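Chemist: Attaching a single structure in structure tokens format; questions to follow.
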Amino acid sequence: MELIRLEAWELSVAAALVVALSLLSLPLRLDLTRSLLVSGLRMTIQLLLVGLVLKALFESRHPLVMAAIAAVMLAVAAREVAARQERRLAGTWGYGLGALAMFLSSFTMILVALTIIVRPEPWWTPQYAVPMLGMLLGNTMTGIALALDRLNQGAWEQRPQIEARLLLGCPAAEAIGDLRRRAARAGMLPTINTMAAAGVVSLPGMMTGQILAGSPPVEAVKYQILILFLIVAGVGVGTLVAVWLGARRLFDERERLRLDRLRQG
Amino acid sequence: MILTGPSGSGKTLLLRALADLDPHDGVVRLDGVAADAVKPAHWRRSVGLLPADSAWWADRVGDHLVDPDPEALASLGFERDVLDWSVSRLSSGERQRLALLRLLANRPRVLLLDEPTANLDAASAAHAEALIRRYRDSCSAAVLWVSHDPAQAERVGDRRLQIVDGHLAERSTWS
């Protein structure tokens with residue numbers, strides 16, 4: 001099987017469908033015309049740019065370029081984690097906590113995947129490293145953001161309950177224990193559910209893409225299984241690191257609940 | 001010891017600082033030992049603060065009271081089956097009385113009470129006052145009691161502190 005290449009005019013047929021939809025929304029007064037066109041245009045430009053970057057990256061085959069790309073991906077994901085929390089830790093913590101948790105989880109998983117499991121030559125081959133790191137970061141980002149949002153918002157709302165336990169002589173870790181568990185579950189459950197529904201409810205995107213590109217379905221399935229295991233493990237590690245460090249930062253050395261360390265997102 | 005002062009004068013903040021619940025300047029000592037020298041949890045077990053509004057983290061009353069004293073329960077007008085009640089079933093007065101029991105179970109050496117009877121009717125308030133007095137006498141505990149009720153202040157207090165314009169002063173007369 002070979003990949004059928006798409007020409008510009010073929011893509012414009014698909015684009016015309018979106019333009020038609022945006023025109024249809026005019027008489028229906030859905031007020032979506034502008035956002036449909038703008039989003040469509042943004043998506044096209046962004047993806048074309050990514051395509052160009054990846055093309056240059058694949059051709060350069062230099063580990064430093066690969067490292068730079070990974071750093072940019074991590075920085076953007078960390079910014080997104082901070083932005084998705086209604087209340088986040090003030091200062092460098094707000095940004096750094098997500099970055100650290102994602103670094104520890106996603107980069108550990110990608111190292112395991114590339115050096116022990118897939119073993120491309122060299123191990124940082126961008127064709128493998130970039131898409132896998134992208135999927136890992138994307139999922140850990142969502143999990144960590146969900147968990148930290150639940151943790152910080154919960155601490156804000158349950159201040160009387162947490163302080164009541166402190167006042168009765170509970171250590172801080174115990175006073176926030178319930179909330180910490182709930183936050184960790186909130187971060188991990190969506191990915192666990194995705195794993196359970198994979199292939200039954202939806203065909204995962206990476207597998208679909210590989211099949212379209214001509215891979216034998218069973219090979220595509222194996223890669224999908226690999227990446228789902230890595231994602232679940234990565235989200236789990238990342239969420240636990242973020243929630244445990246985040247919960248510690250909510251208290252000071254005298255185990256006082258320090259909500260003044262939170263900022264409205 | 002009774003603590004009074006206009007609303008917003010910092011009575012609650014003072015109690016929170018004494019319980020080491022907020023960052024604060026100065027040093028709080030108990031029998032010459034500074035708060036910083038003991039573990040925070042240990043300090044708060046010795047210096048027990050009862051907030052004006054009690055907070056509950058589990059559904060069942062019994063999950064908040066480890067092995068409560070049946071006599072103390074009865075003295076506040078509760079049967080033993082109150083432990084199986086849901087917290088949401090309790091009136092605010094019942095909550096406040098149970099919160100007092102919950103605190104006393106730690107055997108604190110100092111009691112910081114933030115308007116402990118503000119939500120209680122006259123009969124419950126009398127029960128609570130009696131319990132606090134018994135506890136103070138039996139454990140020779142120190143009590144710092146925020147109250148807005150002059151009659152209560154006279155009834156339960158030996159000394160009276162007042163916060164005026166941000167300063168703490170001792171008053172010799174009840175007024």
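In the structure tokens, each chain is lettered A, B, ... as it comes, each chain's residues begin at 1, and ligands are numbered from 1 in order of appearance.
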Distance cut-off 10 Å, counting only C-alpha atoms - which residues of chain A neighbour chain B? Return them as a PyMOL selection string.
Modeler: chain A and resi 158-172+175+178+252-258
Chemist: Which polymer residues have any atom within 9 Å of an atom of Asp149 in chain A, counting only C-alpha atoms, with same-chain residues fewer than 5 positions away left out, as a list in words?
Modeler: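 What passes the distance filter is Arg84, Gln85, Glu86, Arg87, Arg88, Ile144, Gly154 and Ala183 of chain A.
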Chemist: Can you tell me, as a PyMOL selection string, which residues in range 30-201 of chain A count as strand (DSSP E or B) by DSSP?
Modeler: chain A and resi 87-89+198
Chemist: So how many Å separate CA of Ala90 in chain A and CA of Gly265 in chain A, to one decimal?
Modeler: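 CA of Ala90 in chain A sits 9.6 Å away from CA of Gly265 in chain A.
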Chemist: Leaving out Val218 in chain A and any residue of its chain fewer than 6 positions from it, which residues lie within 10 Å of it when counting only C-alpha atoms, given as a tab-separated table (two decimals) with N, CA and C atoms, in the first residue's frame?
Modeler:
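Final output, saved to result-v5.tsv:
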chain	number	residue	atom	x	y	z
A	207	MET	N	-3.49	5.57	15.42
A	207	MET	CA	-3.69	4.31	14.71
A	207	MET	C	-4.35	4.57	13.36
A	211	ILE	N	-2.80	3.79	9.63
A	211	ILE	CA	-3.50	2.94	8.66
A	211	ILE	C	-3.67	3.70	7.34
A	224	GLN	N	-0.40	1.80	18.79
A	224	GLN	CA	-1.43	2.47	19.58
A	224	GLN	C	-1.45	1.94	21.01
Chemist: Tell me which protein, DNA and RNA residues are within 12 Å of range 137-139 of chain A, counting only C-alpha atoms, leaving out same-chain ones fewer than 4 positions away, and put them as a PDB file with N, CA and C atoms, in the first residue's frame.
Modeler:
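After the write, selection-v7.pdb holds the following:
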ATOM      1  N   ALA A  70      11.925  19.847  21.648  1.00  0.00           N
ATOM      2  CA  ALA A  70      11.313  19.270  22.852  1.00  0.00           C
ATOM      3  C   ALA A  70      11.134  20.338  23.922  1.00  0.00           C
ATOM      4  N   ALA A  71      12.134  21.230  24.064  1.00  0.00           N
ATOM      5  CA  ALA A  71      12.047  22.282  25.084  1.00  0.00           C
ATOM      6  C   ALA A  71      10.897  23.236  24.767  1.00  0.00           C
ATOM      7  N   VAL A  72      10.755  23.592  23.481  1.00  0.00           N
ATOM      8  CA  VAL A  72       9.659  24.494  23.100  1.00  0.00           C
ATOM      9  C   VAL A  72       8.312  23.826  23.386  1.00  0.00           C
ATOM     10  N   MET A  73       8.198  22.536  23.047  1.00  0.00           N
ATOM     11  CA  MET A  73       6.934  21.821  23.295  1.00  0.00           C
ATOM     12  C   MET A  73       6.603  21.835  24.783  1.00  0.00           C
ATOM     13  N   LEU A  74       7.627  21.597  25.613  1.00  0.00           N
ATOM     14  CA  LEU A  74       7.412  21.569  27.065  1.00  0.00           C
ATOM     15  C   LEU A  74       6.987  22.948  27.574  1.00  0.00           C
ATOM     16  N   ALA A  75       7.640  23.990  27.059  1.00  0.00           N
ATOM     17  CA  ALA A  75       7.330  25.347  27.527  1.00  0.00           C
ATOM     18  C   ALA A  75       5.887  25.716  27.174  1.00  0.00           C
ATOM     19  N   VAL A  76       5.478  25.387  25.945  1.00  0.00           N
ATOM     20  CA  VAL A  76       4.114  25.722  25.535  1.00  0.00           C
ATOM     21  C   VAL A  76       3.099  24.947  26.373  1.00  0.00           C
ATOM     22  N   ALA A  77       3.392  23.657  26.610  1.00  0.00           N
ATOM     23  CA  ALA A  77       2.477  22.837  27.410  1.00  0.00           C
ATOM     24  C   ALA A  77       2.376  23.370  28.838  1.00  0.00           C
ATOM     25  N   ALA A  78       3.517  23.817  29.408  1.00  0.00           N
ATOM     26  CA  ALA A  78       3.508  24.339  30.781  1.00  0.00           C
ATOM     27  C   ALA A  78       2.677  25.621  30.862  1.00  0.00           C
ATOM     28  N   GLU A  80       0.178  26.293  28.988  1.00  0.00           N
ATOM     29  CA  GLU A  80      -1.225  25.877  28.870  1.00  0.00           C
ATOM     30  C   GLU A  80      -1.746  25.330  30.198  1.00  0.00           C
ATOM     31  N   VAL A  81      -0.911  24.553  30.908  1.00  0.00           N
ATOM     32  CA  VAL A  81      -1.319  24.028  32.220  1.00  0.00           C
ATOM     33  C   VAL A  81      -1.657  25.180  33.164  1.00  0.00           C
ATOM     34  N   GLY A  98       3.864  22.823  36.797  1.00  0.00           N
ATOM     35  CA  GLY A  98       3.385  22.054  35.647  1.00  0.00           C
ATOM     36  C   GLY A  98       4.542  21.603  34.782  1.00  0.00           C
ATOM     37  N   ALA A  99       5.501  22.504  34.555  1.00  0.00           N
ATOM     38  CA  ALA A  99       6.647  22.169  33.706  1.00  0.00           C
ATOM     39  C   ALA A  99       7.444  21.018  34.313  1.00  0.00           C
ATOM     40  N   LEU A 100       7.684  21.102  35.617  1.00  0.00           N
ATOM     41  CA  LEU A 100       8.468  20.057  36.286  1.00  0.00           C
ATOM     42  C   LEU A 100       7.743  18.711  36.234  1.00  0.00           C
ATOM     43  N   ALA A 101       6.437  18.742  36.537  1.00  0.00           N
ATOM     44  CA  ALA A 101       5.674  17.488  36.545  1.00  0.00           C
ATOM     45  C   ALA A 101       5.644  16.873  35.151  1.00  0.00           C
ATOM     46  N   MET A 102       5.471  17.706  34.123  1.00  0.00           N
ATOM     47  CA  MET A 102       5.425  17.169  32.757  1.00  0.00           C
ATOM     48  C   MET A 102       6.795  16.673  32.332  1.00  0.00           C
ATOM     49  N   PHE A 103       7.839  17.396  32.746  1.00  0.00           N
ATOM     50  CA  PHE A 103       9.193  16.973  32.386  1.00  0.00           C
ATOM     51  C   PHE A 103       9.484  15.604  32.997  1.00  0.00           C
ATOM     52  N   LEU A 104       9.195  15.472  34.295  1.00  0.00           N
ATOM     53  CA  LEU A 104       9.497  14.214  34.980  1.00  0.00           C
ATOM     54  C   LEU A 104       8.708  13.053  34.388  1.00  0.00           C
ATOM     55  N   SER A 105       7.453  13.319  33.984  1.00  0.00           N
ATOM     56  CA  SER A 105       6.628  12.206  33.507  1.00  0.00           C
ATOM     57  C   SER A 105       6.840  11.945  32.024  1.00  0.00           C
ATOM     58  N   SER A 106       6.566  12.949  31.184  1.00  0.00           N
ATOM     59  CA  SER A 106       6.625  12.720  29.737  1.00  0.00           C
ATOM     60  C   SER A 106       8.025  12.338  29.274  1.00  0.00           C
ATOM     61  N   PHE A 107       9.037  13.018  29.823  1.00  0.00           N
ATOM     62  CA  PHE A 107      10.382  12.748  29.327  1.00  0.00           C
ATOM     63  C   PHE A 107      10.886  11.391  29.824  1.00  0.00           C
ATOM     64  N   THR A 108      10.451  10.968  31.019  1.00  0.00           N
ATOM     65  CA  THR A 108      10.806   9.616  31.463  1.00  0.00           C
ATOM     66  C   THR A 108      10.191   8.580  30.530  1.00  0.00           C
ATOM     67  N   MET A 109       8.905   8.784  30.229  1.00  0.00           N
ATOM     68  CA  MET A 109       8.211   7.808  29.387  1.00  0.00           C
ATOM     69  C   MET A 109       8.819   7.746  27.987  1.00  0.00           C
ATOM     70  N   ILE A 110       9.158   8.931  27.434  1.00  0.00           N
ATOM     71  CA  ILE A 110       9.694   8.927  26.070  1.00  0.00           C
ATOM     72  C   ILE A 110      11.079   8.269  26.060  1.00  0.00           C
ATOM     73  N   ALA A 129      10.466  10.449  17.891  1.00  0.00           N
ATOM     74  CA  ALA A 129      10.462  11.236  19.129  1.00  0.00           C
ATOM     75  C   ALA A 129       9.396  12.328  19.116  1.00  0.00           C
ATOM     76  N   VAL A 130       9.272  13.067  18.005  1.00  0.00           N
ATOM     77  CA  VAL A 130       8.364  14.222  18.011  1.00  0.00           C
ATOM     78  C   VAL A 130       6.893  13.811  18.175  1.00  0.00           C
ATOM     79  N   PRO A 131       6.378  12.897  17.338  1.00  0.00           N
ATOM     80  CA  PRO A 131       4.953  12.570  17.534  1.00  0.00           C
ATOM     81  C   PRO A 131       4.668  11.920  18.882  1.00  0.00           C
ATOM     82  N   MET A 132       5.566  11.059  19.353  1.00  0.00           N
ATOM     83  CA  MET A 132       5.295  10.392  20.632  1.00  0.00           C
ATOM     84  C   MET A 132       5.357  11.383  21.787  1.00  0.00           C
ATOM     85  N   LEU A 133       6.354  12.274  21.749  1.00  0.00           N
ATOM     86  CA  LEU A 133       6.449  13.281  22.810  1.00  0.00           C
ATOM     87  C   LEU A 133       5.231  14.207  22.765  1.00  0.00           C
ATOM     88  N   GLY A 143      -4.155  16.154  31.985  1.00  0.00           N
ATOM     89  CA  GLY A 143      -4.320  15.519  33.294  1.00  0.00           C
ATOM     90  C   GLY A 143      -3.819  16.404  34.428  1.00  0.00           C
ATOM     91  N   ILE A 144      -2.644  16.986  34.252  1.00  0.00           N
ATOM     92  CA  ILE A 144      -2.055  17.814  35.304  1.00  0.00           C
ATOM     93  C   ILE A 144      -2.888  19.074  35.509  1.00  0.00           C
ATOM     94  N   ALA A 145      -3.355  19.662  34.409  1.00  0.00           N
ATOM     95  CA  ALA A 145      -4.167  20.878  34.540  1.00  0.00           C
ATOM     96  C   ALA A 145      -5.460  20.570  35.297  1.00  0.00           C
ATOM     97  N   LEU A 146      -6.110  19.448  34.951  1.00  0.00           N
ATOM     98  CA  LEU A 146      -7.343  19.062  35.647  1.00  0.00           C
ATOM     99  C   LEU A 146      -7.085  18.854  37.133  1.00  0.00           C
ATOM    100  N   GLY A 187      -7.386  13.958  37.701  1.00  0.00           N
ATOM    101  CA  GLY A 187      -6.388  14.070  36.646  1.00  0.00           C
ATOM    102  C   GLY A 187      -6.226  12.792  35.850  1.00  0.00           C
ATOM    103  N   MET A 188      -6.387  11.643  36.518  1.00  0.00           N
ATOM    104  CA  MET A 188      -6.076  10.375  35.848  1.00  0.00           C
ATOM    105  C   MET A 188      -7.271   9.717  35.175  1.00  0.00           C
ATOM    106  N   LEU A 189      -8.482   9.958  35.710  1.00  0.00           N
ATOM    107  CA  LEU A 189      -9.639   9.192  35.223  1.00  0.00           C
ATOM    108  C   LEU A 189      -9.914   9.350  33.723  1.00  0.00           C
ATOM    109  N   PRO A 190      -9.860  10.579  33.155  1.00  0.00           N
ATOM    110  CA  PRO A 190     -10.170  10.689  31.724  1.00  0.00           C
ATOM    111  C   PRO A 190      -9.290   9.786  30.861  1.00  0.00           C
ATOM    112  N   THR A 191      -7.989   9.695  31.176  1.00  0.00           N
ATOM    113  CA  THR A 191      -7.105   8.860  30.364  1.00  0.00           C
ATOM    114  C   THR A 191      -7.412   7.387  30.570  1.00  0.00           C
ATOM    115  N   ILE A 192      -7.737   7.011  31.808  1.00  0.00           N
ATOM    116  CA  ILE A 192      -8.084   5.612  32.058  1.00  0.00           C
ATOM    117  C   ILE A 192      -9.344   5.256  31.267  1.00  0.00           C
ATOM    118  N   THR A 194     -10.328   6.688  28.508  1.00  0.00           N
ATOM    119  CA  THR A 194      -9.962   6.625  27.094  1.00  0.00           C
ATOM    120  C   THR A 194      -9.386   5.252  26.765  1.00  0.00           C
ATOM    121  N   ILE A 227       1.512   3.430  22.846  1.00  0.00           N
ATOM    122  CA  ILE A 227       1.403   4.841  23.219  1.00  0.00           C
ATOM    123  C   ILE A 227       0.352   5.028  24.316  1.00  0.00           C
ATOM    124  N   LEU A 228      -0.707   4.210  24.298  1.00  0.00           N
ATOM    125  CA  LEU A 228      -1.721   4.362  25.355  1.00  0.00           C
ATOM    126  C   LEU A 228      -1.153   3.966  26.716  1.00  0.00           C
ATOM    127  N   PHE A 229      -0.363   2.899  26.748  1.00  0.00           N
ATOM    128  CA  PHE A 229       0.288   2.520  28.015  1.00  0.00           C
ATOM    129  C   PHE A 229       1.189   3.653  28.503  1.00  0.00           C
ATOM    130  N   LEU A 230       1.981   4.195  27.569  1.00  0.00           N
ATOM    131  CA  LEU A 230       2.896   5.275  27.954  1.00  0.00           C
ATOM    132  C   LEU A 230       2.125   6.487  28.456  1.00  0.00           C
ATOM    133  N   ILE A 231       1.008   6.795  27.757  1.00  0.00           N
ATOM    134  CA  ILE A 231       0.223   7.981  28.144  1.00  0.00           C
ATOM    135  C   ILE A 231      -0.354   7.798  29.546  1.00  0.00           C
ATOM    136  N   VAL A 232      -0.939   6.622  29.794  1.00  0.00           N
ATOM    137  CA  VAL A 232      -1.549   6.415  31.113  1.00  0.00           C
ATOM    138  C   VAL A 232      -0.485   6.477  32.210  1.00  0.00           C
ATOM    139  N   ALA A 233       0.655   5.837  31.956  1.00  0.00           N
ATOM    140  CA  ALA A 233       1.720   5.889  32.963  1.00  0.00           C
ATOM    141  C   ALA A 233       2.223   7.317  33.130  1.00  0.00           C
ATOM    142  N   GLY A 234       2.395   8.030  32.012  1.00  0.00           N
ATOM    143  CA  GLY A 234       2.897   9.402  32.070  1.00  0.00           C
ATOM    144  C   GLY A 234       1.930  10.330  32.787  1.00  0.00           C
ATOM    145  N   VAL A 235       0.635  10.205  32.456  1.00  0.00           N
ATOM    146  CA  VAL A 235      -0.368  11.043  33.122  1.00  0.00           C
ATOM    147  C   VAL A 235      -0.386  10.733  34.618  1.00  0.00           C
ATOM    148  N   GLY A 236      -0.269   9.448  34.953  1.00  0.00           N
ATOM    149  CA  GLY A 236      -0.282   9.065  36.363  1.00  0.00           C
ATOM    150  C   GLY A 236       0.885   9.674  37.117  1.00  0.00           C
ATOM    151  N   VAL A 237       2.095   9.496  36.600  1.00  0.00           N
ATOM    152  CA  VAL A 237       3.277  10.037  37.277  1.00  0.00           C
ATOM    153  C   VAL A 237       3.187  11.557  37.352  1.00  0.00           C
ATOM    154  N   GLY A 238       2.836  12.185  36.219  1.00  0.00           N
ATOM    155  CA  GLY A 238       2.780  13.646  36.172  1.00  0.00           C
ATOM    156  C   GLY A 238       1.757  14.208  37.150  1.00  0.00           C
ATOM    157  N   THR A 239       0.575  13.564  37.194  1.00  0.00           N
ATOM    158  CA  THR A 239      -0.476  14.038  38.088  1.00  0.00           C
ATOM    159  C   THR A 239      -0.047  13.904  39.545  1.00  0.00           C
TER     160      THR A 239
END
Chemist: Would you mind listing what lies within 9 Å of Thr12 in chain B as a list in words, with only C-alpha atoms counted and same-chain residues fewer than 6 positions away left out?
Modeler: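 Counting only the stated atoms, we get Pro51, Ala52, Asp114 and Val146 of chain B.
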Chemist: Which neighbours of Leu151 in chain A fall inside 9 Å, counting only C-alpha atoms, when residues of the same chain fewer than 5 positions from it are skipped, and could you give them as a list in words?
Modeler: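 The residues that qualify are Leu146, Trp156, Leu179, Arg180, Arg182, Ala183, Ala184, Val243, Gly246 and Ala247 of chain A.
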Chemist: One number please: CA of Ala125 in chain B to CA of Gln96 in chain B, in Å, one decimal.
Modeler: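 CA of Ala125 in chain B sits 10.1 Å away from CA of Gln96 in chain B.
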Chemist: Which residue out of B:Ile163, B:Ala142, B:Val61, B:Leu13 has the minimum interatomic distance to Arg109 in chain B when only C-alpha atoms are used?
Modeler: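 Nearest candidate to Arg109 in chain B out of B:Ile163, B:Ala142, B:Val61, B:Leu13: B:Ala142.
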Chemist: When DSSP works through the backbone of this structure, what residues of range 2-210 of chain A end up as helix (DSSP H, G or I), shown as a ChimeraX atom specification?
Modeler: /A:8-24,33-60,63-83,92-118,126-157,159-167,172-175,177-197,205-210
Chemist: Counting only C-alpha atoms, what is within 6 Å of Ile2 in chain B, bar same-chain residues fewer than 3 positions away, as a list in words?
Modeler: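 Result of the neighbour search: Leu144, Trp145, Val146, Gly157, Arg160 and Leu161 of chain B.
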Chemist: Go ahead and dump the residues you just picked, C-alpha atoms, as a PDB file, in the first residue's frame.
Modeler:
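Result file follows (again22.pdb):
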ATOM      1  CA  LEU B 144      -9.362  33.063  76.141  1.00  0.00           C
ATOM      2  CA  TRP B 145     -13.006  33.686  75.343  1.00  0.00           C
ATOM      3  CA  VAL B 146     -14.264  36.166  72.741  1.00  0.00           C
ATOM      4  CA  GLY B 157     -14.623  35.746  83.024  1.00  0.00           C
ATOM      5  CA  ARG B 160     -11.165  41.179  80.718  1.00  0.00           C
ATOM      6  CA  LEU B 161      -9.075  42.236  77.701  1.00  0.00           C
TER       7      LEU B 161
END
Chemist: Would you mind telling me which residue in A:Leu226, A:Val65, A:Pro216, A:Phe58 lies nearest to Val118 in chain A when using only C-alpha atoms?
Modeler: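 Of A:Leu226, A:Val65, A:Pro216, A:Phe58, the one nearest Val118 in chain A, counting only C-alpha atoms, is A:Leu226.
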